[in-house]
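Enquirer: Below you'll find final-v8.cif; it's mmCIF, C-alpha atoms.
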data_my_file
#
loop_
_atom_site.label_atom_id
_atom_site.label_comp_id
_atom_site.auth_asym_id
_atom_site.auth_seq_id
_atom_site.Cartn_x
_atom_site.Cartn_y
_atom_site.Cartn_z
CA MET C 1 -13.66 22.83 -3.63
CA THR C 2 -13.17 19.84 -1.42
CA LEU C 3 -10.35 17.36 -1.28
CA ALA C 4 -11.53 14.15 -2.93
CA LYS C 5 -11.80 10.94 -0.98
CA ARG C 6 -9.30 8.56 -2.52
CA ILE C 7 -9.95 5.04 -3.80
CA ILE C 8 -6.81 2.92 -3.91
CA PRO C 9 -6.47 -0.57 -5.34
CA CYS C 10 -3.73 -2.70 -3.83
CA LEU C 11 -1.72 -5.28 -5.77
CA ASP C 12 0.31 -8.02 -4.13
CA VAL C 13 3.53 -8.42 -6.07
CA ASP C 14 5.90 -11.38 -5.79
CA GLY C 15 9.04 -11.43 -7.90
CA GLY C 16 7.66 -8.70 -10.14
CA ARG C 17 4.40 -10.55 -10.76
CA VAL C 18 0.95 -9.83 -9.40
CA VAL C 19 -0.28 -12.71 -7.27
CA LYS C 20 -3.67 -13.49 -5.64
CA GLY C 21 -5.60 -14.06 -8.83
CA VAL C 22 -6.74 -11.00 -10.60
CA ASN C 23 -9.78 -11.72 -12.67
CA PHE C 24 -10.05 -9.44 -15.66
CA GLU C 25 -10.99 -10.10 -19.20
CA ASN C 26 -9.22 -8.22 -21.96
CA LEU C 27 -5.88 -8.32 -20.21
CA VAL C 28 -3.08 -9.90 -22.18
CA ASP C 29 -1.15 -10.64 -19.01
CA ALA C 30 -3.08 -10.36 -15.74
CA GLY C 31 0.12 -10.98 -13.82
CA ASP C 32 1.90 -7.93 -15.14
CA PRO C 33 1.80 -5.13 -12.54
CA VAL C 34 2.35 -2.49 -15.21
CA GLU C 35 -0.62 -3.60 -17.24
CA LEU C 36 -2.85 -3.75 -14.17
CA ALA C 37 -1.61 -0.38 -12.96
CA LYS C 38 -2.51 1.13 -16.32
CA LEU C 39 -5.93 -0.49 -16.25
CA TYR C 40 -6.71 0.76 -12.73
CA GLY C 41 -5.33 4.18 -13.66
CA SER C 42 -7.71 4.40 -16.59
CA GLU C 43 -10.60 3.24 -14.40
CA GLY C 44 -10.06 6.18 -12.08
CA ALA C 45 -7.84 4.86 -9.27
CA ASP C 46 -6.57 7.86 -7.29
CA GLU C 47 -3.37 6.09 -6.26
CA LEU C 48 -1.90 2.62 -6.54
CA THR C 49 -0.32 0.47 -3.88
CA PHE C 50 2.08 -2.39 -4.52
CA LEU C 51 2.70 -4.72 -1.64
CA ASP C 52 5.91 -6.61 -2.30
CA ILE C 53 5.61 -10.05 -0.74
CA SER C 54 8.82 -11.41 -2.30
CA ALA C 55 10.82 -13.58 0.03
CA SER C 56 14.21 -13.30 -1.68
CA VAL C 57 16.50 -10.44 -2.54
CA ASP C 58 16.52 -11.46 -6.22
CA ASP C 59 12.75 -11.31 -6.35
CA ARG C 60 12.84 -7.90 -4.75
CA SER C 61 15.02 -6.50 -7.48
CA THR C 62 12.45 -7.72 -10.00
CA THR C 63 9.81 -5.79 -8.10
CA LEU C 64 12.00 -2.71 -8.28
CA ASP C 65 12.00 -3.13 -12.02
CA ALA C 66 8.19 -3.37 -12.02
CA VAL C 67 8.04 -0.14 -10.00
CA ARG C 68 10.32 1.49 -12.54
CA ARG C 69 8.22 0.44 -15.51
CA THR C 70 4.98 1.43 -13.77
CA ALA C 71 6.23 4.90 -12.85
CA GLU C 72 7.18 5.47 -16.46
CA GLN C 73 3.70 4.73 -17.74
CA VAL C 74 1.19 5.55 -15.04
CA PHE C 75 0.94 9.15 -13.89
CA ILE C 76 -0.78 8.74 -10.55
CA PRO C 77 0.91 8.27 -7.17
CA LEU C 78 2.41 4.88 -6.41
CA THR C 79 3.02 3.56 -2.91
CA VAL C 80 5.23 0.53 -2.42
CA GLY C 81 5.34 -1.51 0.77
CA GLY C 82 6.93 -4.75 1.93
CA GLY C 83 10.45 -5.60 2.87
CA ILE C 84 11.64 -2.11 3.76
CA ARG C 85 14.19 -2.33 6.55
CA GLU C 86 16.51 0.63 6.06
CA VAL C 87 16.60 4.18 4.79
CA SER C 88 18.56 2.90 1.78
CA ASP C 89 15.62 0.64 0.80
CA VAL C 90 13.43 3.75 0.70
CA ASP C 91 15.99 5.64 -1.36
CA GLN C 92 16.09 2.80 -3.88
CA LEU C 93 12.30 2.67 -4.21
CA LEU C 94 11.91 6.42 -4.59
CA ARG C 95 14.63 6.49 -7.21
CA ALA C 96 12.90 3.66 -9.06
CA GLY C 97 9.75 5.76 -9.22
CA ALA C 98 7.73 5.15 -6.04
CA ASP C 99 6.16 8.28 -4.55
CA LYS C 100 5.55 6.84 -1.11
CA VAL C 101 6.61 3.79 0.84
CA SER C 102 4.73 1.91 3.50
CA ILE C 103 6.43 0.25 6.42
CA ASN C 104 5.03 -2.17 8.95
CA THR C 105 7.02 -4.78 10.90
CA ALA C 106 10.37 -3.03 10.51
CA ALA C 107 8.97 0.01 12.31
CA LEU C 108 7.61 -2.16 15.12
CA ASN C 109 11.02 -3.75 15.54
CA ARG C 110 12.82 -0.43 15.43
CA PRO C 111 10.57 2.66 15.69
CA GLU C 112 13.54 4.99 15.05
CA LEU C 113 13.30 3.90 11.41
CA ILE C 114 10.27 6.21 11.14
CA ASN C 115 12.31 9.22 12.28
CA GLU C 116 15.16 8.33 9.97
CA ILE C 117 12.96 8.06 6.88
CA ALA C 118 10.91 11.17 7.71
CA ASP C 119 14.01 13.27 8.41
CA ARG C 120 15.59 12.30 5.13
CA PHE C 121 12.61 12.31 2.75
CA GLY C 122 9.84 14.12 4.61
CA ASN C 123 6.69 12.82 6.34
CA GLN C 124 4.73 12.80 3.12
CA VAL C 125 6.59 9.79 1.68
CA LEU C 126 5.91 7.60 4.67
CA VAL C 127 2.82 5.48 5.25
CA LEU C 128 2.64 3.39 8.40
CA SER C 129 0.79 0.17 7.73
CA ILE C 130 -0.86 -1.36 10.79
CA ASP C 131 -2.50 -4.80 10.86
CA ALA C 132 -4.83 -4.45 13.85
CA ARG C 133 -7.48 -6.57 15.52
CA ARG C 134 -9.74 -6.41 18.55
CA ALA C 135 -8.04 -7.45 21.80
CA GLN C 136 -7.90 -6.83 25.52
CA THR C 137 -5.63 -3.79 25.34
CA ALA C 138 -6.12 -0.21 26.54
CA SER C 139 -7.92 0.89 23.38
CA GLY C 140 -9.45 -2.49 22.59
CA TYR C 141 -7.25 -2.94 19.49
CA GLU C 142 -3.81 -4.50 19.18
CA VAL C 143 -1.15 -4.65 16.50
CA THR C 144 -0.46 -8.01 14.88
CA THR C 145 2.35 -9.35 12.73
CA HIS C 146 2.76 -12.32 10.41
CA GLY C 147 -0.44 -11.59 8.53
CA GLY C 148 -2.47 -11.37 11.71
CA ARG C 149 -1.28 -14.67 13.17
CA LYS C 150 0.79 -13.17 15.99
CA SER C 151 0.22 -10.41 18.47
CA ALA C 152 2.92 -7.73 18.49
CA GLY C 153 2.06 -7.02 22.10
CA VAL C 154 1.40 -3.37 21.31
CA ASP C 155 -1.79 -1.34 21.60
CA ALA C 156 -2.85 -0.23 18.10
CA LEU C 157 -3.94 3.32 18.94
CA GLU C 158 -0.92 3.94 21.12
CA TRP C 159 1.34 2.77 18.29
CA MET C 160 -0.43 5.06 15.85
CA SER C 161 0.06 8.15 18.03
CA ASN C 162 3.69 7.23 18.66
CA ALA C 163 4.34 6.78 14.95
CA VAL C 164 2.65 10.06 14.00
CA ALA C 165 4.76 11.88 16.60
CA ARG C 166 7.83 10.27 15.03
CA GLY C 167 6.86 11.45 11.57
CA VAL C 168 4.60 9.19 9.51
CA GLY C 169 2.48 11.12 7.02
CA GLU C 170 -0.40 8.65 6.71
CA ILE C 171 -1.80 5.58 8.46
CA LEU C 172 -2.88 2.53 6.48
CA LEU C 173 -5.20 0.84 8.93
CA ASN C 174 -5.89 -2.74 8.01
CA SER C 175 -8.46 -4.61 10.04
CA MET C 176 -7.40 -8.22 10.48
CA ASP C 177 -10.88 -9.02 11.82
CA ALA C 178 -12.57 -7.66 8.69
CA ASP C 179 -9.90 -8.66 6.18
CA GLY C 180 -11.21 -11.15 3.64
CA THR C 181 -14.76 -11.14 5.05
CA ARG C 182 -16.18 -8.67 2.52
CA SER C 183 -18.66 -7.70 5.22
CA GLY C 184 -17.53 -4.10 5.50
CA PHE C 185 -14.66 -2.06 6.92
CA ASP C 186 -14.18 -2.04 10.71
CA ILE C 187 -16.13 1.17 11.33
CA GLU C 188 -15.54 1.32 15.07
CA MET C 189 -11.80 0.97 14.66
CA ILE C 190 -11.67 3.70 12.00
CA ARG C 191 -13.66 5.99 14.31
CA ALA C 192 -11.32 5.25 17.23
CA ALA C 193 -8.25 5.93 15.08
CA ARG C 194 -9.75 9.19 13.76
CA GLU C 195 -9.99 10.45 17.33
CA VAL C 196 -6.29 10.00 18.04
CA VAL C 197 -4.47 10.86 14.81
CA THR C 198 -4.45 14.02 12.70
CA VAL C 199 -2.81 12.49 9.61
CA PRO C 200 -4.89 10.97 6.80
CA ILE C 201 -6.25 7.49 7.46
CA ILE C 202 -6.43 4.94 4.67
CA ALA C 203 -8.87 2.24 5.75
CA SER C 204 -8.41 -1.30 4.52
CA GLY C 205 -9.92 -4.72 5.00
CA GLY C 206 -13.48 -5.90 4.53
CA ALA C 207 -14.70 -4.01 1.48
CA GLY C 208 -17.52 -5.93 -0.17
CA ALA C 209 -20.47 -3.70 -1.03
CA LEU C 210 -20.86 -0.11 -2.22
CA THR C 211 -22.30 1.05 1.09
CA ASP C 212 -19.18 -0.24 2.90
CA PHE C 213 -17.17 2.54 1.27
CA SER C 214 -19.46 5.37 2.31
CA ALA C 215 -19.74 3.99 5.84
CA ALA C 216 -15.94 4.03 6.22
CA LEU C 217 -15.80 7.64 5.03
CA ASP C 218 -18.50 8.59 7.54
CA ALA C 219 -16.35 7.04 10.27
CA GLY C 220 -13.48 9.35 9.36
CA ALA C 221 -11.38 7.62 6.69
CA ASP C 222 -9.72 9.88 4.12
CA ALA C 223 -8.96 7.12 1.65
CA LEU C 224 -10.11 3.55 1.08
CA LEU C 225 -7.92 0.71 -0.04
CA ALA C 226 -9.25 -2.54 -1.43
CA ALA C 227 -7.89 -5.53 -3.28
CA SER C 228 -10.07 -8.52 -4.06
CA VAL C 229 -13.31 -6.61 -4.57
CA PHE C 230 -11.63 -4.81 -7.47
CA HIS C 231 -9.44 -7.67 -8.69
CA PHE C 232 -12.37 -10.05 -9.00
CA GLY C 233 -14.48 -7.42 -10.67
CA THR C 234 -17.16 -7.53 -7.93
CA LEU C 235 -17.14 -3.74 -8.04
CA SER C 236 -15.35 -1.31 -10.32
CA ILE C 237 -13.62 1.81 -9.07
CA GLN C 238 -15.99 3.82 -11.23
CA GLN C 239 -19.03 2.22 -9.56
CA VAL C 240 -17.66 3.00 -6.10
CA LYS C 241 -16.98 6.60 -7.06
CA GLU C 242 -20.39 7.11 -8.63
CA HIS C 243 -22.00 5.71 -5.49
CA LEU C 244 -19.98 8.12 -3.35
CA ALA C 245 -20.67 11.09 -5.62
CA ALA C 246 -24.40 10.37 -5.44
CA GLY C 247 -24.09 10.42 -1.66
CA GLY C 248 -22.54 13.87 -1.74
CA TYR C 249 -18.90 12.86 -1.15
CA SER C 250 -16.18 14.60 -3.10
CA VAL C 251 -14.55 12.18 -5.53
CA ARG C 252 -12.51 12.56 -8.69
CA LEU C 253 -14.66 11.34 -11.57
CA MET R 1 15.58 20.34 -24.41
CA ILE R 2 13.90 20.64 -20.99
CA ALA R 3 16.27 20.25 -18.04
CA ILE R 4 15.02 18.97 -14.70
CA LEU R 5 17.29 19.88 -11.82
CA ASP R 6 18.36 16.73 -9.98
CA TYR R 7 19.43 17.76 -6.50
CA GLY R 8 17.87 15.19 -4.20
CA SER R 9 16.50 11.74 -4.05
CA GLY R 10 12.80 12.03 -4.76
CA ASN R 11 10.94 10.40 -7.61
CA LEU R 12 12.15 12.23 -10.71
CA ARG R 13 11.44 9.36 -13.09
CA SER R 14 7.75 10.19 -13.40
CA ALA R 15 8.55 13.88 -13.84
CA GLN R 16 10.98 13.10 -16.63
CA ARG R 17 8.48 10.87 -18.42
CA ALA R 18 5.61 13.33 -17.94
CA PHE R 19 7.59 16.17 -19.51
CA GLU R 20 8.76 13.85 -22.31
CA LEU R 21 5.11 13.42 -23.32
CA THR R 22 5.35 16.96 -24.76
CA GLY R 23 7.71 15.65 -27.42
CA HIS R 24 10.69 17.56 -26.02
CA LYS R 25 13.88 15.88 -24.93
CA VAL R 26 14.19 15.94 -21.15
CA SER R 27 17.38 15.67 -19.13
CA LEU R 28 17.82 15.09 -15.41
CA THR R 29 20.88 17.00 -14.38
CA SER R 30 22.76 18.60 -11.52
CA ASP R 31 25.27 20.16 -13.92
CA ALA R 32 25.07 23.97 -14.01
CA GLN R 33 26.04 24.28 -17.66
CA GLU R 34 23.59 21.65 -18.83
CA PHE R 35 20.77 23.03 -16.69
CA LEU R 36 21.17 26.65 -17.76
CA SER R 37 21.75 25.96 -21.45
CA ALA R 38 18.44 24.04 -21.79
CA ASP R 39 15.46 25.72 -23.48
CA ALA R 40 13.34 25.39 -20.34
CA HIS R 41 14.00 24.54 -16.70
CA VAL R 42 12.07 22.42 -14.22
CA VAL R 43 12.70 22.70 -10.49
CA PRO R 44 11.15 19.74 -8.66
CA GLY R 45 11.04 19.45 -4.89
CA VAL R 46 10.20 16.95 -2.21
CA GLY R 47 10.35 16.97 1.57
CA ALA R 48 10.67 20.05 3.72
CA PHE R 49 11.47 23.63 2.66
CA GLY R 50 14.68 23.87 4.71
CA ALA R 51 15.94 20.41 3.73
CA CYS R 52 15.22 21.25 0.11
CA MET R 53 17.20 24.51 0.26
CA GLU R 54 20.01 22.62 1.99
CA GLN R 55 20.18 19.99 -0.76
CA LEU R 56 20.02 22.74 -3.35
CA ASN R 57 22.87 24.58 -1.71
CA ALA R 58 24.93 21.39 -1.68
CA ILE R 59 25.14 21.58 -5.48
CA ASN R 60 25.15 25.39 -5.54
CA GLY R 61 21.63 24.95 -6.87
CA ALA R 62 20.09 27.98 -5.18
CA GLN R 63 22.29 30.23 -7.27
CA LEU R 64 21.59 28.06 -10.29
CA VAL R 65 17.83 28.31 -9.89
CA GLY R 66 18.19 32.03 -9.22
CA GLN R 67 19.99 32.35 -12.56
CA ALA R 68 17.38 30.21 -14.31
CA LEU R 69 14.62 32.51 -13.04
CA GLN R 70 16.45 35.42 -14.70
CA THR R 71 17.13 33.76 -18.09
CA GLY R 72 13.71 34.61 -19.47
CA LYS R 73 13.33 31.00 -20.58
CA PRO R 74 10.32 29.09 -19.25
CA VAL R 75 10.74 27.81 -15.69
CA PHE R 76 8.41 25.31 -13.98
CA GLY R 77 8.59 24.82 -10.21
CA ILE R 78 6.84 21.88 -8.60
CA CYS R 79 5.70 21.54 -4.96
CA VAL R 80 8.62 22.51 -2.70
CA GLY R 81 10.28 23.55 -5.98
CA MET R 82 7.55 26.21 -6.12
CA GLN R 83 7.78 27.11 -2.45
CA ILE R 84 11.47 27.98 -2.61
CA PHE R 85 10.67 30.66 -5.25
CA PHE R 86 8.98 32.61 -2.39
CA SER R 87 10.84 34.88 0.05
CA GLU R 88 10.70 32.55 3.01
CA GLY R 89 9.47 29.25 4.35
CA GLU R 90 8.35 28.50 7.88
CA GLU R 91 8.65 24.70 7.79
CA LYS R 92 10.84 23.46 10.67
CA GLY R 93 12.17 26.92 11.45
CA SER R 94 12.37 29.99 9.25
CA HIS R 95 14.30 29.57 6.00
CA LYS R 96 15.13 32.12 3.38
CA GLY R 97 13.86 31.35 -0.11
CA LEU R 98 14.83 32.77 -3.50
CA GLY R 99 12.38 35.67 -3.28
CA PHE R 100 11.18 35.63 -6.89
CA PHE R 101 7.67 35.76 -5.45
CA GLU R 102 7.27 37.90 -2.36
CA GLY R 103 5.57 36.19 0.55
CA SER R 104 6.00 33.33 2.90
CA VAL R 105 5.09 29.67 2.92
CA SER R 106 3.40 28.75 6.19
CA HIS R 107 1.59 25.92 7.92
CA ILE R 108 -1.90 25.14 6.59
CA ASP R 109 -4.72 25.51 9.09
CA ALA R 110 -6.63 22.24 8.64
CA PRO R 111 -7.63 19.44 11.04
CA VAL R 112 -6.00 16.64 9.03
CA LEU R 113 -2.54 17.12 7.50
CA PRO R 114 -0.66 16.59 5.22
CA HIS R 115 -3.07 17.75 2.51
CA ILE R 116 -2.79 14.55 0.47
CA GLY R 117 -4.85 13.79 -2.59
CA TRP R 118 -6.81 15.28 -5.46
CA ASN R 119 -8.29 18.74 -5.17
CA SER R 120 -9.95 21.14 -7.59
CA VAL R 121 -8.77 24.67 -8.41
CA GLU R 122 -10.15 28.17 -9.08
CA THR R 123 -8.33 29.54 -12.06
CA ASP R 124 -8.40 32.10 -14.84
CA SER R 125 -4.98 31.10 -16.14
CA GLU R 126 -4.54 30.20 -19.78
CA LEU R 127 -2.18 27.43 -18.75
CA PHE R 128 -5.17 25.61 -17.27
CA SER R 129 -7.05 25.86 -20.53
CA GLY R 130 -9.01 22.63 -21.00
CA VAL R 131 -8.45 21.41 -17.44
CA GLU R 132 -10.12 24.19 -15.41
CA GLU R 133 -12.62 21.74 -13.94
CA GLU R 134 -10.15 18.93 -13.27
CA MET R 135 -8.53 17.86 -10.00
CA PHE R 136 -4.80 17.81 -9.31
CA TYR R 137 -2.68 15.79 -6.87
CA PHE R 138 -1.34 17.61 -3.81
CA VAL R 139 1.02 16.42 -1.04
CA HIS R 140 2.08 19.11 1.45
CA SER R 141 1.45 20.68 4.86
CA TYR R 142 2.72 24.19 4.11
CA ALA R 143 1.43 26.67 1.55
CA ALA R 144 1.66 30.24 0.27
CA LYS R 145 -1.55 32.06 1.13
CA ALA R 146 -1.24 35.56 -0.30
CA ALA R 147 -1.08 36.48 -3.99
CA PRO R 148 2.34 37.96 -4.77
CA ARG R 149 2.39 41.30 -6.59
CA ASP R 150 2.08 41.23 -10.40
CA SER R 151 1.37 37.53 -10.53
CA ARG R 152 -1.55 35.40 -11.65
CA VAL R 153 -2.70 33.00 -8.99
CA THR R 154 -4.71 29.77 -9.18
CA TRP R 155 -6.26 28.85 -5.83
CA THR R 156 -7.33 25.74 -4.01
CA THR R 157 -8.97 25.26 -0.62
CA TYR R 158 -8.27 22.77 2.13
CA GLY R 159 -9.03 24.13 5.58
CA GLU R 160 -8.19 27.52 4.15
CA ARG R 161 -7.57 29.04 0.72
CA PHE R 162 -4.02 28.91 -0.63
CA ILE R 163 -2.00 29.02 -3.82
CA ALA R 164 -2.31 25.98 -6.10
CA ALA R 165 -0.32 27.62 -8.91
CA VAL R 166 1.32 30.96 -9.55
CA GLU R 167 2.83 32.59 -12.62
CA LYS R 168 4.80 35.73 -13.36
CA GLU R 169 6.88 36.57 -16.43
CA ASN R 170 8.69 33.39 -17.51
CA VAL R 171 7.97 31.50 -14.30
CA PHE R 172 5.13 29.06 -13.64
CA ALA R 173 4.93 27.00 -10.50
CA THR R 174 2.46 24.59 -8.96
CA GLN R 175 1.95 23.42 -5.40
CA PHE R 176 0.46 20.20 -6.75
CA HIS R 177 2.32 17.55 -8.74
CA PRO R 178 1.34 17.76 -12.42
CA GLU R 179 3.47 14.67 -13.12
CA LYS R 180 1.21 12.73 -10.72
CA SER R 181 -2.06 14.30 -11.82
CA GLY R 182 -2.89 11.88 -14.62
CA ALA R 183 -4.31 13.25 -17.88
CA ALA R 184 -5.08 16.67 -16.33
CA GLY R 185 -1.45 17.11 -15.30
CA ALA R 186 -0.22 16.02 -18.71
CA LYS R 187 -2.48 18.59 -20.39
CA LEU R 188 -1.18 21.34 -18.09
CA ILE R 189 2.42 20.42 -18.91
CA GLU R 190 1.54 20.38 -22.60
CA ASN R 191 0.04 23.89 -22.33
CA TRP R 192 3.18 25.14 -20.57
CA ALA R 193 5.50 23.50 -23.09
CA LYS R 194 3.97 25.60 -25.88
CA LYS R 195 6.01 28.51 -24.47
CA ILE R 196 9.26 26.72 -25.25
#
What does the file become when written as C-alpha cells?
Expert:
Amino acid sequence: MTLAKRIIPCLDVDGGRVVKGVNFENLVDAGDPVELAKLYGSEGADELTFLDISASVDDRSTTLDAVRRTAEQVFIPLTVGGGIREVSDVDQLLRAGADKVSINTAALNRPELINEIADRFGNQVLVLSIDARRAQTASGYEVTTHGGRKSAGVDALEWMSNAVARGVGEILLNSMDADGTRSGFDIEMIRAAREVVTVPIIASGGAGALTDFSAALDAGADALLAASVFHFGTLSIQQVKEHLAAGGYSVRL
Amino acid sequence: MIAILDYGSGNLRSAQRAFELTGHKVSLTSDAQEFLSADAHVVPGVGAFGACMEQLNAINGAQLVGQALQTGKPVFGICVGMQIFFSEGEEKGSHKGLGFFEGSVSHIDAPVLPHIGWNSVETDSELFSGVEEEMFYFVHSYAAKAAPRDSRVTWTTYGERFIAAVEKENVFATQFHPEKSGAAGAKLIENWAKKI
C-alpha cells in the first residue's frame, strides 16, 4: 500500500470557457470545461485544476458556474485558482463545488490571507502556487509575478517555508524557466524545494516526454501537473501512468 | 431520503450528487427534524477536528449526530465526519468527540503531510465488495490508529497504518472521501445504500 503519485491536468478557463487550444477529436465542444473535465476524469486524471484567467467580475461568475457544473458530474477532486483575494472568494468557490483553491499573487501581497483561509477552512483546501525562476537570491530561485515577467523580489524557498508555516497544505511549484519548453521539469528546483518543505509538492512546467514525469518524482515531487502535453494529445494520462507503473511508482490505474 | 448534515462551508455539492447516484433523494439540511426523519444520515466534515465540533455545536449538531447514531438507521461519516465519532481528537489541542467509537484521532507519523491523494486499502468488509483492490481519495493529517472494540476496520498505510474505514452496528464511516473517489467511491456508496 503506497500513496499514488498524482497526475493532474490543468485547464485555463476564461469566462467559463477553456482557452489555450485543446486539441481533441470526438469532443462536441472542446471549450466546455465540464466536457473536458469528464474526459480527463475518464482517462484517469487523479485531480483537476482550473486556472481562472478571467479579467472581469462577470466572467468570474461564469467560471463559478462551470465549477458548479463540473462538481456535479466529475467525482474527483477539483482545485480552482486565479483571482482569489479574500476569504469570501474561497467560501464561494468551495460552495460551488471546488475542493481546493490555489492562491498566488494575493498571498504575496498580503501573506496573512494564508492564515485566514487556513484557519477558516483548514490547510488541506489551500494550495500555494509559486511561479519561480533562477535568480541571484539566497536559494538561487526567486518568485515572479505577471506570468513570469516581473520579479516579486522574494526568494522562492524562503517564501515556501513562510507559507507552509502560515498554513498552506500543498505547494504548486511552477518553473518559469521550464514552462512551455517541454524539455522537462526543473529537477534541481524540485529537489531544493523538497529539502525545505514537508507538505506535498505539485511540480509544474516543462513536461514533454514520459521520462520527464519519472525524473520529477525522483526529485521529490508528490504530484505532477501539466497542460499542453495533455491538451495537444502529445501524451495521454494513461500513457504517463503506465510508464510510471512500469518504473515501479505507485499510480492509480 | 438520505439527509446530509449541512453545518459548515465545505464542498457538499459533490457529496449530494454522489449519493443521488444511488437513486435516493438527497437533502442538504441543518434542520434537526429533517435530518433525523430521513431514512439515512450522512455526516460530512472538512477542516480540523476542533473547528468541526465547534461548527457542529453552533447548530446543536453534536447532539443531533449523537441522536442519529442511536436511531438504528444507516449513518455514513466522511473524513472529519468520521473522526468526530471517536472519543477524542488531538488536532490543535485536545477535543472531545462523540465517543461512538472508542479511541483517539492523532497526528500521522509521516515525513510529508497532509496525506493527500489516492491510496489503497486492506479490507474484509462487505461494503467494499467489488472495490477491494481500488484506491480511494484521502485528505488529512490526523487519523485513528487502533481498532475500536466490536467494529470492523478497513486499513490503509501512509507512514504508519491507520483506519481508512470503520463500521459498527448501523454506522459506517470513512477517512477518505468516497464522493471524490470516482467510480470506486460511487460503488462503495451504492453498496452502503442497499442498507436503506
Enquirer: Report, in Å with one decimal, the straight-line distance from CA of Gly83 (chain C) to CA of Asp59 (chain C).
Expert: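 Pair CA of Gly83 (chain C) / CA of Asp59 (chain C) returns 11.1 Å.
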Enquirer: Taking the file as shown, what set of residues would the PyMOL selection byres ((chain C and resi 230) around 10) give back, as an MDAnalysis selection string?
Expert: chainID C and resid 8:10 22:24 40 207:208 225:229 231:237 240
Enquirer: Rank C:Ala165, C:Ala192, C:Gly122, C:Leu113 by their smallest atom-to-atom distance to Gly50 (chain R), using all atoms listed in the file, and report the top residue only.
Expert: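 With all atoms listed in the file as the atom set, the closest residue is C:Gly122.
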Enquirer: Which is closer to Ile84 (chain R) than all the others in R:Asn170, R:Gln33, R:Thr71, R:Gln63, using only C-alpha atoms?
Expert: R:Gln63
Enquirer: Could you tell me which residues the PyMOL selection byres ((chain C) within 10 of (chain R)) returns for this structure, as an MDAnalysis selection string?
Expert: chainID C and resid 1:6 41:42 44 46:47 68:78 90:100 118:125 169:170 194 197:201 222:223 250:253
Enquirer: Write out, as a short mmCIF file (atom, residue, chain, number, x, y, z; two decimals), keeping the file's coordinate frame, the residues just selected, with C-alpha atoms.
Expert:
data_model
loop_
_atom_site.label_atom_id
_atom_site.label_comp_id
_atom_site.auth_asym_id
_atom_site.auth_seq_id
_atom_site.Cartn_x
_atom_site.Cartn_y
_atom_site.Cartn_z
CA MET C 1 -13.66 22.83 -3.63
CA THR C 2 -13.17 19.84 -1.42
CA LEU C 3 -10.35 17.36 -1.28
CA ALA C 4 -11.53 14.15 -2.93
CA LYS C 5 -11.80 10.94 -0.98
CA ARG C 6 -9.30 8.56 -2.52
CA GLY C 41 -5.33 4.18 -13.66
CA SER C 42 -7.71 4.40 -16.59
CA GLY C 44 -10.06 6.18 -12.08
CA ASP C 46 -6.57 7.86 -7.29
CA GLU C 47 -3.37 6.09 -6.26
CA ARG C 68 10.32 1.49 -12.54
CA ARG C 69 8.22 0.44 -15.51
CA THR C 70 4.98 1.43 -13.77
CA ALA C 71 6.23 4.90 -12.85
CA GLU C 72 7.18 5.47 -16.46
CA GLN C 73 3.70 4.73 -17.74
CA VAL C 74 1.19 5.55 -15.04
CA PHE C 75 0.94 9.15 -13.89
CA ILE C 76 -0.78 8.74 -10.55
CA PRO C 77 0.91 8.27 -7.17
CA LEU C 78 2.41 4.88 -6.41
CA VAL C 90 13.43 3.75 0.70
CA ASP C 91 15.99 5.64 -1.36
CA GLN C 92 16.09 2.80 -3.88
CA LEU C 93 12.30 2.67 -4.21
CA LEU C 94 11.91 6.42 -4.59
CA ARG C 95 14.63 6.49 -7.21
CA ALA C 96 12.90 3.66 -9.06
CA GLY C 97 9.75 5.76 -9.22
CA ALA C 98 7.73 5.15 -6.04
CA ASP C 99 6.16 8.28 -4.55
CA LYS C 100 5.55 6.84 -1.11
CA ALA C 118 10.91 11.17 7.71
CA ASP C 119 14.01 13.27 8.41
CA ARG C 120 15.59 12.30 5.13
CA PHE C 121 12.61 12.31 2.75
CA GLY C 122 9.84 14.12 4.61
CA ASN C 123 6.69 12.82 6.34
CA GLN C 124 4.73 12.80 3.12
CA VAL C 125 6.59 9.79 1.68
CA GLY C 169 2.48 11.12 7.02
CA GLU C 170 -0.40 8.65 6.71
CA ARG C 194 -9.75 9.19 13.76
CA VAL C 197 -4.47 10.86 14.81
CA THR C 198 -4.45 14.02 12.70
CA VAL C 199 -2.81 12.49 9.61
CA PRO C 200 -4.89 10.97 6.80
CA ILE C 201 -6.25 7.49 7.46
CA ASP C 222 -9.72 9.88 4.12
CA ALA C 223 -8.96 7.12 1.65
CA SER C 250 -16.18 14.60 -3.10
CA VAL C 251 -14.55 12.18 -5.53
CA ARG C 252 -12.51 12.56 -8.69
CA LEU C 253 -14.66 11.34 -11.57
#
Enquirer: Using all atoms listed in the file, which protein or nucleic acid residues come within 7 Å of Arg166 (chain C)? Drop anything in the same chain fewer than 2 positions from it, and give the result as a list in words.
Expert: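 Counting all atoms listed in the file, the residues come to Ile114, Asn115, Asn162, Ala163, Val164 and Val168 of chain C.
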Enquirer: Write out as number ranges by chain the residues lying within 6 Å of Gly89 (chain R), counting all atoms listed in the file and excluding same-chain residues fewer than 4 positions away.
Expert: R: 94-95, 104-105
Enquirer: Quick one: everything within 10 Å of Gly61 (chain R), counting all atoms listed in the file, minus sequence neighbours fewer than 4 positions away in the same chain. Send it as a list in words.
Expert: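 The residues that qualify are Leu5, Asp6, Tyr7, Ser30, Asp31, Ala32, Val43, Met53, Glu54, Gln55, Leu56, Asn57, Val65, Gly66 and Gln67 of chain R.
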Enquirer: Please indicate the distance in Å from CA of Asp131 (chain C) to CA of Ala209 (chain C), rounded to one decimal place.
Expert: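 Taking CA of Asp131 (chain C) as the start and CA of Ala209 (chain C) as the end point, the length is 21.6 Å.
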